[in-house]
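Below is one structure; the comments refer to it alone.
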Amino acid sequence: MKRLFFALAALSSVLCATAQSVPHKFDVNTRKAGAEIASTMYGIFFEDVNFAADGGLYAELVKNRSFEFPDHYMGWKVYGNVQLKDDGPFERNPHYVRLAYSGHDHRRTGLDNDGFTGIGYKEGAEYRFSVWARVPEGGEGVFKVLLCENYSQDLNQHFSQATIKIDSKEWKKYQVVLKSTKRTDKGFLRVILDKESAVVDLEHISLFPVDTWKGRENGLRKDLAEALYDLKPGVLRFPGGCIVEGVDLDTRYQWKNSVGAVENRPLNENKWNYSFSHRLFPDYFQSYGLGFYEYFVLAEDLGAEPLPVLNAGMACQFQNKELRDNKAHASLAQLQPYIDDAFDLIEFANGDPQKSEWAKLRADMGHPEPFNLKYLAIGNEQWGDIYVENLKIFVEQLRKRYPHIKIVGGAGSAPSGKRFSHLWPEMTKLGVDLVDEHFYRNEEWFLASGTRYDNYDRKGPKVFAGEYACHGKGKKWNHFHASLLEAAFLTGVERNADIVTMATYAPLFANINAWTWRPDMIWFDNLRSFRSCTWYFHQLFTHNKGTNVLELTWNGKPVAGTEGQEGLFASAVIDKTTNEIIVKIVNTSDKAQRILLNLNGLSKKPHEGVLTTYRADDIDGENSLDNPTKYTPQSSAIVIDSPNFEVEIAAKSFAMYKIKK
Ligand code: AHR
């Protein structure tokens, strides 16, 4: 058995330069379980950036389905006799289209939608088309719904079709399921009026795959939701990010607009449509089809604590240098509605439907049981006195009315500097429960930050590493090396689990045809998706976070890539539920390293375990749509004969030893 183990350990060094002759000695104290690791420790942060919601996780395939974009036909091509009307059945989305005979049999009336960079159809898959319709002048309305491949004026481009007949002067919802007979990622949807049809009004034209996550209507794209589920996240932070702030207060995310009937959720601008001049997406809006109810349900599906972020009465500070401008900042006198939004959200999530209108709405939407909300973040990347003043009032009022809700305050947009140093003591004074830190930093920063949390004040608020990502050199984005350095950093988070209780990478999703920000954890196009190396590292930590920290030292010091530590990072935990010791080691150096791992306190008899390694033949390599599993962790069974055993960790690689106690 021992031989088997050493054979496996040796395997992990295939790519390595020669290791040093005397092994480094790592001591793990398995006798004393240290700080508890929060169930929320590793989670996910969802924001509708990079077409992550509309055009991504939210499975709707039609863009501008309610004709509410400022350019009402954006996303559509209309032809024949089509009129835009604005007295529709949904007061917050009043526009719709009227289709009538063109006056000539050969001039057809209809409209096409080309989705979000095209519509993806899978061969054999079913698609649910739905529409609100009426025949305003009576008679029989008849139109065809066609699934089409590649835009063309040639009507024969369709490969699936259905006919819908409208029989009422009143608005009603009609739907039909079509089976696709082709696979295409650049398809489109065509709605075309029959020559003999009466005049027809159409509103909220929608197309979803039937096979959504858990088969829900108005549901989520299955492969993308599965990628979240497979992470086993402990917390889900939503809905942003900068979109919570908005370019101005009018365009901030307003959760109340994101609940109730989807047809009546008003459109909002998405601030990521023009945040970066080199990545402009003037067609990027928020339909709110994926709204707060859906986020809470998703958190429940994932087994994650929901963590909504609410606006603190401040628009994006990057885009509004002068916050005193009324549109960018609510004065103290104007703040109460923002606080009331927080109260109402807590009622929506946790309240009794008999006593609260917001809880009743939750029940009416299909969830009579509370969502058990425990955390609430106020503000995203805010800074300065205005934020502190506003947050103070939120905290005072929230503490009085909902003392059990844990409040998350922010530390600005950077992990150090003037704003950060101003905010942390203020957060401690305000007595928030957690402080949200953001760090999009380069490789050097990640290499140098292994001890970041070792000396944090243990008496103040806990830390939420709310947005982190290593931005690699030379326009390298989701390459293995950046992800490896994030893993190195996470060992420091794990070692400090008494103070850091949440960590979430950002951004989560990116549409490969329409991204604004990278790197990102999960990439997709209209039909395919892939999980980056960061995803796999995050999963390794999430699935193996254990229940308690164990002390791991090298010459009496934590292993955090500090001077003389040869680029090594490590953490150890025990999982009391499975009785396993889990040691994670990251070798960021370019040589193999031999380590004598002393699991002090483990009995001398053989112990079974699993060795998982993660490395890449090319550290600048990454997974891709064409090769989604090019770099994945590899696991194999091991048996150790002694609690003190030698291992060799390949250059630029991760190794995890999971040993049954
Ligand atoms: O994750 C992308 C953006 O980065 C978030 O919206 C914001 O909080 C940060 O600046």
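Chains: A, B, ... in order of the structure tokens. Residues: from 1 per chain. Ligands: from 1, in order shown.
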Selection as a VMD selection string: residues within 7 Å of ligand 1 by only C-alpha atoms and all ligand atoms:
chain A and resid 47 49 240 to 243 380 to 381 413 467 506 to 507 517
Show which residues sit within 9 Å of range 628-641 of chain A, as a PyMOL selection string. Count only C-alpha atoms, and ignore same-chain residues fewer than 5 positions away.
chain A and resi 1-2+4-6+8+480+529-533+536-537+540+604-617+621-623+654+657+659
Residues of the last selection are to be written out with N, CA, C and O atoms, as a tab-separated table (two decimals), in the first residue's frame.
```tsv
chain	number	residue	atom	x	y	z
A	1	MET	N	0.82	-1.21	0.00
A	1	MET	CA	0.00	0.00	0.00
A	1	MET	C	0.85	1.25	0.00
A	1	MET	O	0.58	2.20	-0.71
A	2	LYS	N	1.88	1.21	0.89
A	2	LYS	CA	2.76	2.37	0.98
A	2	LYS	C	3.38	2.66	-0.39
A	2	LYS	O	3.46	3.80	-0.83
A	4	LEU	N	2.13	1.98	-3.21
A	4	LEU	CA	1.11	2.57	-4.07
A	4	LEU	C	1.05	4.09	-3.84
A	4	LEU	O	1.03	4.89	-4.76
A	5	PHE	N	1.10	4.44	-2.55
A	5	PHE	CA	1.01	5.86	-2.22
A	5	PHE	C	2.17	6.63	-2.81
A	5	PHE	O	2.01	7.67	-3.44
A	6	PHE	N	3.38	6.07	-2.65
A	6	PHE	CA	4.53	6.81	-3.15
A	6	PHE	C	4.54	6.86	-4.67
A	6	PHE	O	4.97	7.85	-5.25
A	8	LEU	N	1.89	7.15	-6.43
A	8	LEU	CA	0.97	8.22	-6.78
A	8	LEU	C	1.57	9.59	-6.51
A	8	LEU	O	1.44	10.52	-7.29
A	480	PHE	N	-4.63	29.00	-16.16
A	480	PHE	CA	-4.41	28.17	-14.98
A	480	PHE	C	-3.63	28.91	-13.90
A	480	PHE	O	-3.94	28.84	-12.71
A	529	SER	N	-21.23	25.74	-22.65
A	529	SER	CA	-20.61	26.49	-21.56
A	529	SER	C	-19.37	25.74	-21.10
A	529	SER	O	-19.20	24.56	-21.40
A	530	PHE	N	-18.50	26.44	-20.40
A	530	PHE	CA	-17.39	25.73	-19.77
A	530	PHE	C	-17.04	26.38	-18.43
A	530	PHE	O	-17.35	27.54	-18.18
A	531	ARG	N	-16.44	25.56	-17.59
A	531	ARG	CA	-16.07	25.98	-16.25
A	531	ARG	C	-14.57	26.27	-16.25
A	531	ARG	O	-13.78	25.40	-16.66
A	532	SER	N	-14.20	27.44	-15.83
A	532	SER	CA	-12.78	27.83	-15.88
A	532	SER	C	-11.97	27.09	-14.81
A	532	SER	O	-12.54	26.44	-13.92
A	533	CYS	N	-10.65	27.23	-14.88
A	533	CYS	CA	-9.80	26.63	-13.83
A	533	CYS	C	-10.16	27.22	-12.48
A	533	CYS	O	-10.14	26.52	-11.46
A	536	TYR	N	-12.88	25.23	-10.98
A	536	TYR	CA	-12.46	23.94	-10.40
A	536	TYR	C	-11.74	24.15	-9.06
A	536	TYR	O	-11.94	23.38	-8.12
A	537	PHE	N	-10.93	25.20	-8.98
A	537	PHE	CA	-10.27	25.46	-7.69
A	537	PHE	C	-11.31	25.81	-6.62
A	537	PHE	O	-11.25	25.33	-5.49
A	540	LEU	N	-12.93	22.80	-5.39
A	540	LEU	CA	-12.08	22.02	-4.48
A	540	LEU	C	-12.17	22.58	-3.06
A	540	LEU	O	-12.24	21.82	-2.09
A	604	LYS	N	-0.87	5.31	14.42
A	604	LYS	CA	0.19	4.78	13.55
A	604	LYS	C	-0.33	3.77	12.53
A	604	LYS	O	0.38	3.37	11.63
A	605	LYS	N	-1.57	3.33	12.69
A	605	LYS	CA	-2.07	2.31	11.75
A	605	LYS	C	-2.34	2.94	10.37
A	605	LYS	O	-2.41	4.16	10.26
A	606	PRO	N	-2.51	2.10	9.34
A	606	PRO	CA	-2.73	2.67	8.00
A	606	PRO	C	-4.02	3.49	7.92
A	606	PRO	O	-5.01	3.14	8.58
A	607	HIS	N	-3.98	4.54	7.14
A	607	HIS	CA	-5.17	5.40	6.96
A	607	HIS	C	-5.45	5.51	5.47
A	607	HIS	O	-4.55	5.78	4.69
A	608	GLU	N	-6.72	5.34	5.16
A	608	GLU	CA	-7.09	5.50	3.75
A	608	GLU	C	-7.34	6.96	3.44
A	608	GLU	O	-7.66	7.74	4.34
A	609	GLY	N	-7.21	7.29	2.20
A	609	GLY	CA	-7.47	8.68	1.83
A	609	GLY	C	-7.56	8.87	0.34
A	609	GLY	O	-7.60	7.91	-0.44
A	610	VAL	N	-7.62	10.13	-0.05
A	610	VAL	CA	-7.68	10.49	-1.47
A	610	VAL	C	-6.69	11.62	-1.71
A	610	VAL	O	-6.62	12.57	-0.91
A	611	LEU	N	-5.93	11.49	-2.77
A	611	LEU	CA	-5.04	12.57	-3.18
A	611	LEU	C	-5.65	13.22	-4.42
A	611	LEU	O	-5.98	12.53	-5.39
A	612	THR	N	-5.82	14.52	-4.35
A	612	THR	CA	-6.31	15.26	-5.52
A	612	THR	C	-5.25	16.25	-5.94
A	612	THR	O	-4.76	17.02	-5.10
A	613	THR	N	-4.89	16.21	-7.19
A	613	THR	CA	-3.92	17.19	-7.69
A	613	THR	C	-4.56	17.99	-8.82
A	613	THR	O	-5.46	17.51	-9.51
A	614	TYR	N	-4.06	19.21	-8.96
A	614	TYR	CA	-4.55	20.04	-10.08
A	614	TYR	C	-3.34	20.76	-10.64
A	614	TYR	O	-2.67	21.52	-9.94
A	615	ARG	N	-3.06	20.49	-11.88
A	615	ARG	CA	-1.93	21.15	-12.53
A	615	ARG	C	-2.17	21.19	-14.04
A	615	ARG	O	-3.10	20.56	-14.54
A	616	ALA	N	-1.32	21.94	-14.72
A	616	ALA	CA	-1.52	22.10	-16.17
A	616	ALA	C	-0.18	21.95	-16.89
A	616	ALA	O	0.84	22.41	-16.38
A	617	ASP	N	-0.21	21.33	-18.06
A	617	ASP	CA	1.04	21.20	-18.82
A	617	ASP	C	1.53	22.58	-19.27
A	617	ASP	O	2.72	22.81	-19.44
A	621	GLY	N	-2.35	28.00	-20.04
A	621	GLY	CA	-3.48	27.36	-20.72
A	621	GLY	C	-4.77	27.59	-19.95
A	621	GLY	O	-4.76	27.98	-18.79
A	622	GLU	N	-5.88	27.34	-20.61
A	622	GLU	CA	-7.18	27.49	-19.95
A	622	GLU	C	-8.19	26.57	-20.60
A	622	GLU	O	-7.97	26.06	-21.71
A	623	ASN	N	-9.30	26.35	-19.93
A	623	ASN	CA	-10.39	25.60	-20.53
A	623	ASN	C	-11.09	26.48	-21.56
A	623	ASN	O	-10.93	27.70	-21.56
A	654	PHE	N	-1.34	22.27	-7.37
A	654	PHE	CA	-2.12	22.17	-6.14
A	654	PHE	C	-2.22	20.69	-5.79
A	654	PHE	O	-2.37	19.83	-6.67
A	657	TYR	N	-4.61	16.42	0.27
A	657	TYR	CA	-4.59	15.10	0.91
A	657	TYR	C	-5.77	15.03	1.85
A	657	TYR	O	-5.89	15.83	2.78
A	659	ILE	N	-7.45	12.56	4.35
A	659	ILE	CA	-7.11	11.32	5.04
A	659	ILE	C	-8.15	11.00	6.10
A	659	ILE	O	-8.49	11.85	6.93
```
Residue neighbourhood Asn548 in chain A, 7 Å, only C-alpha atoms, exclusion window fewer than 3 positions, as a PyMOL selection string
chain A and resi 33-37+573-575
Dump all heavy atoms for the selected residues as a PDB file, in the first residue's frame?
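again37.pdb, freshly written:
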```pdb
ATOM      1  N   ALA A  33      -9.139  20.693  17.243  1.00  0.00           N
ATOM      2  CA  ALA A  33      -9.930  21.360  16.206  1.00  0.00           C
ATOM      3  C   ALA A  33     -10.018  22.834  16.557  1.00  0.00           C
ATOM      4  O   ALA A  33     -10.430  23.196  17.657  1.00  0.00           O
ATOM      5  CB  ALA A  33     -11.319  20.744  16.135  1.00  0.00           C
ATOM      6  N   GLY A  34      -9.605  23.687  15.629  1.00  0.00           N
ATOM      7  CA  GLY A  34      -9.629  25.131  15.890  1.00  0.00           C
ATOM      8  C   GLY A  34     -10.954  25.754  15.480  1.00  0.00           C
ATOM      9  O   GLY A  34     -12.013  25.114  15.595  1.00  0.00           O
ATOM     10  N   ALA A  35     -10.866  26.983  14.975  1.00  0.00           N
ATOM     11  CA  ALA A  35     -12.076  27.758  14.657  1.00  0.00           C
ATOM     12  C   ALA A  35     -13.011  26.982  13.736  1.00  0.00           C
ATOM     13  O   ALA A  35     -12.564  26.233  12.858  1.00  0.00           O
ATOM     14  CB  ALA A  35     -11.658  29.051  13.977  1.00  0.00           C
ATOM     15  N   GLU A  36     -14.282  27.216  13.967  1.00  0.00           N
ATOM     16  CA  GLU A  36     -15.277  26.597  13.076  1.00  0.00           C
ATOM     17  C   GLU A  36     -15.250  27.300  11.722  1.00  0.00           C
ATOM     18  O   GLU A  36     -15.080  28.517  11.668  1.00  0.00           O
ATOM     19  CB  GLU A  36     -16.665  26.761  13.675  1.00  0.00           C
ATOM     20  CG  GLU A  36     -17.035  25.601  14.556  1.00  0.00           C
ATOM     21  CD  GLU A  36     -18.440  25.722  15.106  1.00  0.00           C
ATOM     22  OE1 GLU A  36     -19.299  26.308  14.425  1.00  0.00           O
ATOM     23  OE2 GLU A  36     -18.641  25.235  16.225  1.00  0.00           O
ATOM     24  N   ILE A  37     -15.443  26.528  10.690  1.00  0.00           N
ATOM     25  CA  ILE A  37     -15.499  27.123   9.348  1.00  0.00           C
ATOM     26  C   ILE A  37     -16.970  27.360   9.026  1.00  0.00           C
ATOM     27  O   ILE A  37     -17.793  26.436   9.109  1.00  0.00           O
ATOM     28  CB  ILE A  37     -14.848  26.184   8.319  1.00  0.00           C
ATOM     29  CG1 ILE A  37     -13.353  26.063   8.668  1.00  0.00           C
ATOM     30  CG2 ILE A  37     -15.026  26.702   6.904  1.00  0.00           C
ATOM     31  CD1 ILE A  37     -12.664  24.887   8.089  1.00  0.00           C
ATOM     32  N   VAL A 573      -7.682  21.402   7.520  1.00  0.00           N
ATOM     33  CA  VAL A 573      -8.971  21.431   8.222  1.00  0.00           C
ATOM     34  C   VAL A 573      -9.338  20.007   8.617  1.00  0.00           C
ATOM     35  O   VAL A 573      -8.783  19.035   8.096  1.00  0.00           O
ATOM     36  CB  VAL A 573     -10.096  22.012   7.329  1.00  0.00           C
ATOM     37  CG1 VAL A 573      -9.809  23.438   6.926  1.00  0.00           C
ATOM     38  CG2 VAL A 573     -10.327  21.145   6.090  1.00  0.00           C
ATOM     39  N   ILE A 574     -10.260  19.934   9.542  1.00  0.00           N
ATOM     40  CA  ILE A 574     -10.836  18.622   9.841  1.00  0.00           C
ATOM     41  C   ILE A 574     -12.314  18.700   9.497  1.00  0.00           C
ATOM     42  O   ILE A 574     -12.945  19.746   9.692  1.00  0.00           O
ATOM     43  CB  ILE A 574     -10.637  18.228  11.323  1.00  0.00           C
ATOM     44  CG1 ILE A 574     -11.263  16.861  11.598  1.00  0.00           C
ATOM     45  CG2 ILE A 574     -11.226  19.256  12.296  1.00  0.00           C
ATOM     46  CD1 ILE A 574     -10.868  16.254  12.930  1.00  0.00           C
ATOM     47  N   ASP A 575     -12.840  17.623   8.948  1.00  0.00           N
ATOM     48  CA  ASP A 575     -14.281  17.546   8.741  1.00  0.00           C
ATOM     49  C   ASP A 575     -14.822  16.587   9.787  1.00  0.00           C
ATOM     50  O   ASP A 575     -14.627  15.372   9.685  1.00  0.00           O
ATOM     51  CB  ASP A 575     -14.581  17.051   7.323  1.00  0.00           C
ATOM     52  CG  ASP A 575     -16.067  17.181   7.006  1.00  0.00           C
ATOM     53  OD1 ASP A 575     -16.885  17.023   7.942  1.00  0.00           O
ATOM     54  OD2 ASP A 575     -16.404  17.469   5.842  1.00  0.00           O
TER      55      ASP A 575
END
```
Please provide the set of residues having any atom within 6 Å of Ser589 in chain A, restricted to only C-alpha atoms, with same-chain residues fewer than 3 positions apart removed, written as a PyMOL selection string.
chain A and resi 567+651-652
Take the selection from the previous step and output its residues with C-alpha atoms, as a PDB file, in the first residue's frame.
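Saved as part-v7.pdb:
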```pdb
ATOM      1  CA  GLY A 567       6.235  30.017  -2.774  1.00  0.00           C
ATOM      2  CA  ALA A 651       5.922  22.966  -9.652  1.00  0.00           C
ATOM      3  CA  LYS A 652       2.963  25.332 -10.132  1.00  0.00           C
TER       4      LYS A 652
END
```
List as a PyMOL selection string the protein and nucleic acid residues near range 337-349 of chain A, meaning an atom at most 10 Å away when only C-alpha atoms are counted, but skip any in the same chain fewer than 3 places from it.
chain A and resi 254-256+259+292-293+296+306+308-314+330+333-334+352-353+355-363+367-378+390-391+393-395+397-398+401-402+405
Give the alpha helix (DSSP H) residues of range 450-567 of chain A, as assigned by DSSP on the backbone, as a list in words.
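Restricting range 450-567 of chain A to alpha helix (DSSP H) produces Phe480, His481, Ala482, Ser483, Leu484, Leu485, Glu486, Ala487, Ala488, Phe489, Leu490, Thr491, Gly492, Val493, Glu494, Arg495, Cys533, Thr534, Trp535, Tyr536, Phe537, His538, Gln539, Leu540, Phe541, Thr542 and His543 of chain A.
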If you count only C-alpha atoms, which residues fall within 10 Å of Phe69 in chain A, apart from same-chain ones fewer than 3 positions away, as a list in words?
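Listed by chain and then number, they are Lys63, Asn64, Arg65, Ser66, His72, Tyr73, Met74, Gly75, Asn93, His95, Leu267, Asn268, Glu269, Asp283, Tyr284, Phe285, Gln286 and Ser287 of chain A.
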Restricted to all heavy atoms, what would the selected residues look like written as a short mmCIF file (atom, residue, chain, number, x, y, z; two decimals), in the first residue's frame?
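Resulting contents of result-v1.cif:
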```cif
data_model
loop_
_atom_site.label_atom_id
_atom_site.label_comp_id
_atom_site.auth_asym_id
_atom_site.auth_seq_id
_atom_site.Cartn_x
_atom_site.Cartn_y
_atom_site.Cartn_z
N LYS A 63 -35.14 38.72 -26.97
CA LYS A 63 -34.67 40.00 -26.42
C LYS A 63 -35.75 41.06 -26.67
O LYS A 63 -36.33 41.12 -27.74
CB LYS A 63 -33.36 40.39 -27.11
CG LYS A 63 -32.76 41.67 -26.57
CD LYS A 63 -31.32 41.85 -27.02
CE LYS A 63 -31.25 42.20 -28.49
NZ LYS A 63 -29.88 42.12 -29.00
N ASN A 64 -35.99 41.89 -25.67
CA ASN A 64 -36.97 42.98 -25.79
C ASN A 64 -38.37 42.41 -26.06
O ASN A 64 -39.08 42.85 -26.96
CB ASN A 64 -36.53 43.95 -26.90
CG ASN A 64 -37.36 45.22 -26.92
OD1 ASN A 64 -38.09 45.51 -25.98
ND2 ASN A 64 -37.26 45.95 -28.01
N ARG A 65 -38.74 41.43 -25.26
CA ARG A 65 -40.00 40.71 -25.49
C ARG A 65 -41.23 41.58 -25.29
O ARG A 65 -42.31 41.27 -25.76
CB ARG A 65 -40.06 39.48 -24.57
CG ARG A 65 -40.10 39.83 -23.09
CD ARG A 65 -39.97 38.62 -22.20
NE ARG A 65 -39.84 39.03 -20.81
CZ ARG A 65 -39.55 38.21 -19.82
NH1 ARG A 65 -39.36 36.93 -20.06
NH2 ARG A 65 -39.45 38.66 -18.60
N SER A 66 -41.10 42.67 -24.54
CA SER A 66 -42.26 43.52 -24.27
C SER A 66 -42.20 44.85 -25.01
O SER A 66 -43.00 45.74 -24.72
CB SER A 66 -42.37 43.79 -22.76
OG SER A 66 -42.66 42.61 -22.08
N HIS A 72 -37.99 50.80 -29.44
CA HIS A 72 -38.96 49.74 -29.14
C HIS A 72 -38.80 48.49 -30.00
O HIS A 72 -39.29 47.43 -29.65
CB HIS A 72 -40.39 50.29 -29.25
CG HIS A 72 -40.65 51.34 -28.22
ND1 HIS A 72 -40.88 51.05 -26.90
CD2 HIS A 72 -40.63 52.70 -28.30
CE1 HIS A 72 -41.04 52.17 -26.21
NE2 HIS A 72 -40.88 53.18 -27.03
N TYR A 73 -38.13 48.65 -31.14
CA TYR A 73 -37.94 47.48 -32.01
C TYR A 73 -36.52 46.92 -31.92
O TYR A 73 -36.11 46.12 -32.76
CB TYR A 73 -38.27 47.83 -33.46
CG TYR A 73 -39.76 48.00 -33.71
CD1 TYR A 73 -40.23 48.98 -34.57
CD2 TYR A 73 -40.69 47.16 -33.11
CE1 TYR A 73 -41.59 49.14 -34.82
CE2 TYR A 73 -42.05 47.31 -33.34
CZ TYR A 73 -42.49 48.30 -34.19
OH TYR A 73 -43.83 48.43 -34.42
N MET A 74 -35.76 47.35 -30.92
CA MET A 74 -34.40 46.81 -30.79
C MET A 74 -34.50 45.29 -30.60
O MET A 74 -35.31 44.81 -29.82
CB MET A 74 -33.70 47.44 -29.60
CG MET A 74 -32.22 47.21 -29.59
SD MET A 74 -31.48 48.13 -28.22
CE MET A 74 -30.53 49.34 -29.09
N GLY A 75 -33.72 44.55 -31.35
CA GLY A 75 -33.79 43.08 -31.27
C GLY A 75 -34.79 42.49 -32.24
O GLY A 75 -34.80 41.28 -32.46
N ASN A 93 -45.44 47.94 -18.46
CA ASN A 93 -44.85 47.62 -19.77
C ASN A 93 -45.93 47.82 -20.82
O ASN A 93 -46.44 46.86 -21.40
CB ASN A 93 -44.36 46.16 -19.80
CG ASN A 93 -43.12 45.95 -18.96
OD1 ASN A 93 -42.24 46.80 -18.91
ND2 ASN A 93 -43.05 44.82 -18.28
N HIS A 95 -46.22 48.85 -23.92
CA HIS A 95 -46.12 48.74 -25.38
C HIS A 95 -46.43 47.32 -25.89
O HIS A 95 -46.21 46.34 -25.20
CB HIS A 95 -44.72 49.15 -25.84
CG HIS A 95 -44.48 50.62 -25.64
ND1 HIS A 95 -43.95 51.12 -24.49
CD2 HIS A 95 -44.74 51.68 -26.46
CE1 HIS A 95 -43.87 52.44 -24.59
NE2 HIS A 95 -44.35 52.80 -25.77
N LEU A 267 -38.83 47.40 -17.27
CA LEU A 267 -37.46 47.27 -17.78
C LEU A 267 -36.55 48.26 -17.05
O LEU A 267 -36.96 49.34 -16.69
CB LEU A 267 -37.47 47.62 -19.27
CG LEU A 267 -36.18 47.39 -20.02
CD1 LEU A 267 -36.08 45.91 -20.40
CD2 LEU A 267 -36.12 48.25 -21.28
N ASN A 268 -35.31 47.86 -16.84
CA ASN A 268 -34.31 48.79 -16.32
C ASN A 268 -33.09 48.76 -17.25
O ASN A 268 -32.78 47.73 -17.83
CB ASN A 268 -33.90 48.41 -14.90
CG ASN A 268 -33.14 49.53 -14.20
OD1 ASN A 268 -33.12 50.67 -14.67
ND2 ASN A 268 -32.51 49.22 -13.10
N GLU A 269 -32.44 49.89 -17.30
CA GLU A 269 -31.17 49.94 -18.03
C GLU A 269 -30.17 49.02 -17.31
O GLU A 269 -30.29 48.82 -16.10
CB GLU A 269 -30.69 51.38 -17.96
CG GLU A 269 -29.34 51.66 -18.49
CD GLU A 269 -29.01 53.15 -18.29
OE1 GLU A 269 -29.51 53.97 -19.08
OE2 GLU A 269 -28.27 53.46 -17.34
N ASP A 283 -27.67 47.41 -26.43
CA ASP A 283 -28.88 46.59 -26.35
C ASP A 283 -28.94 45.81 -25.03
O ASP A 283 -29.63 44.80 -24.94
CB ASP A 283 -28.95 45.61 -27.52
CG ASP A 283 -27.74 44.69 -27.56
OD1 ASP A 283 -26.72 45.00 -26.89
OD2 ASP A 283 -27.80 43.65 -28.24
N TYR A 284 -28.21 46.28 -24.00
CA TYR A 284 -28.17 45.53 -22.74
C TYR A 284 -29.10 46.19 -21.71
O TYR A 284 -28.82 47.28 -21.21
CB TYR A 284 -26.73 45.50 -22.23
CG TYR A 284 -26.42 44.45 -21.18
CD1 TYR A 284 -27.38 43.53 -20.75
CD2 TYR A 284 -25.16 44.38 -20.60
CE1 TYR A 284 -27.07 42.57 -19.80
CE2 TYR A 284 -24.84 43.43 -19.64
CZ TYR A 284 -25.81 42.53 -19.25
OH TYR A 284 -25.50 41.58 -18.29
N PHE A 285 -30.20 45.51 -21.42
CA PHE A 285 -31.17 46.00 -20.44
C PHE A 285 -31.50 44.87 -19.47
O PHE A 285 -31.19 43.71 -19.72
CB PHE A 285 -32.45 46.48 -21.15
CG PHE A 285 -32.22 47.76 -21.92
CD1 PHE A 285 -31.68 47.74 -23.20
CD2 PHE A 285 -32.51 48.99 -21.35
CE1 PHE A 285 -31.43 48.91 -23.89
CE2 PHE A 285 -32.27 50.17 -22.03
CZ PHE A 285 -31.72 50.13 -23.31
N GLN A 286 -32.14 45.23 -18.38
CA GLN A 286 -32.56 44.21 -17.41
C GLN A 286 -34.08 44.04 -17.50
O GLN A 286 -34.82 44.97 -17.20
CB GLN A 286 -32.21 44.65 -15.99
CG GLN A 286 -30.74 44.85 -15.74
CD GLN A 286 -30.49 45.36 -14.34
OE1 GLN A 286 -30.56 44.61 -13.38
NE2 GLN A 286 -30.24 46.65 -14.21
N SER A 287 -34.49 42.84 -17.87
CA SER A 287 -35.93 42.58 -17.94
C SER A 287 -36.48 42.30 -16.55
O SER A 287 -37.68 42.34 -16.34
CB SER A 287 -36.20 41.37 -18.84
OG SER A 287 -35.76 40.18 -18.18
#
```
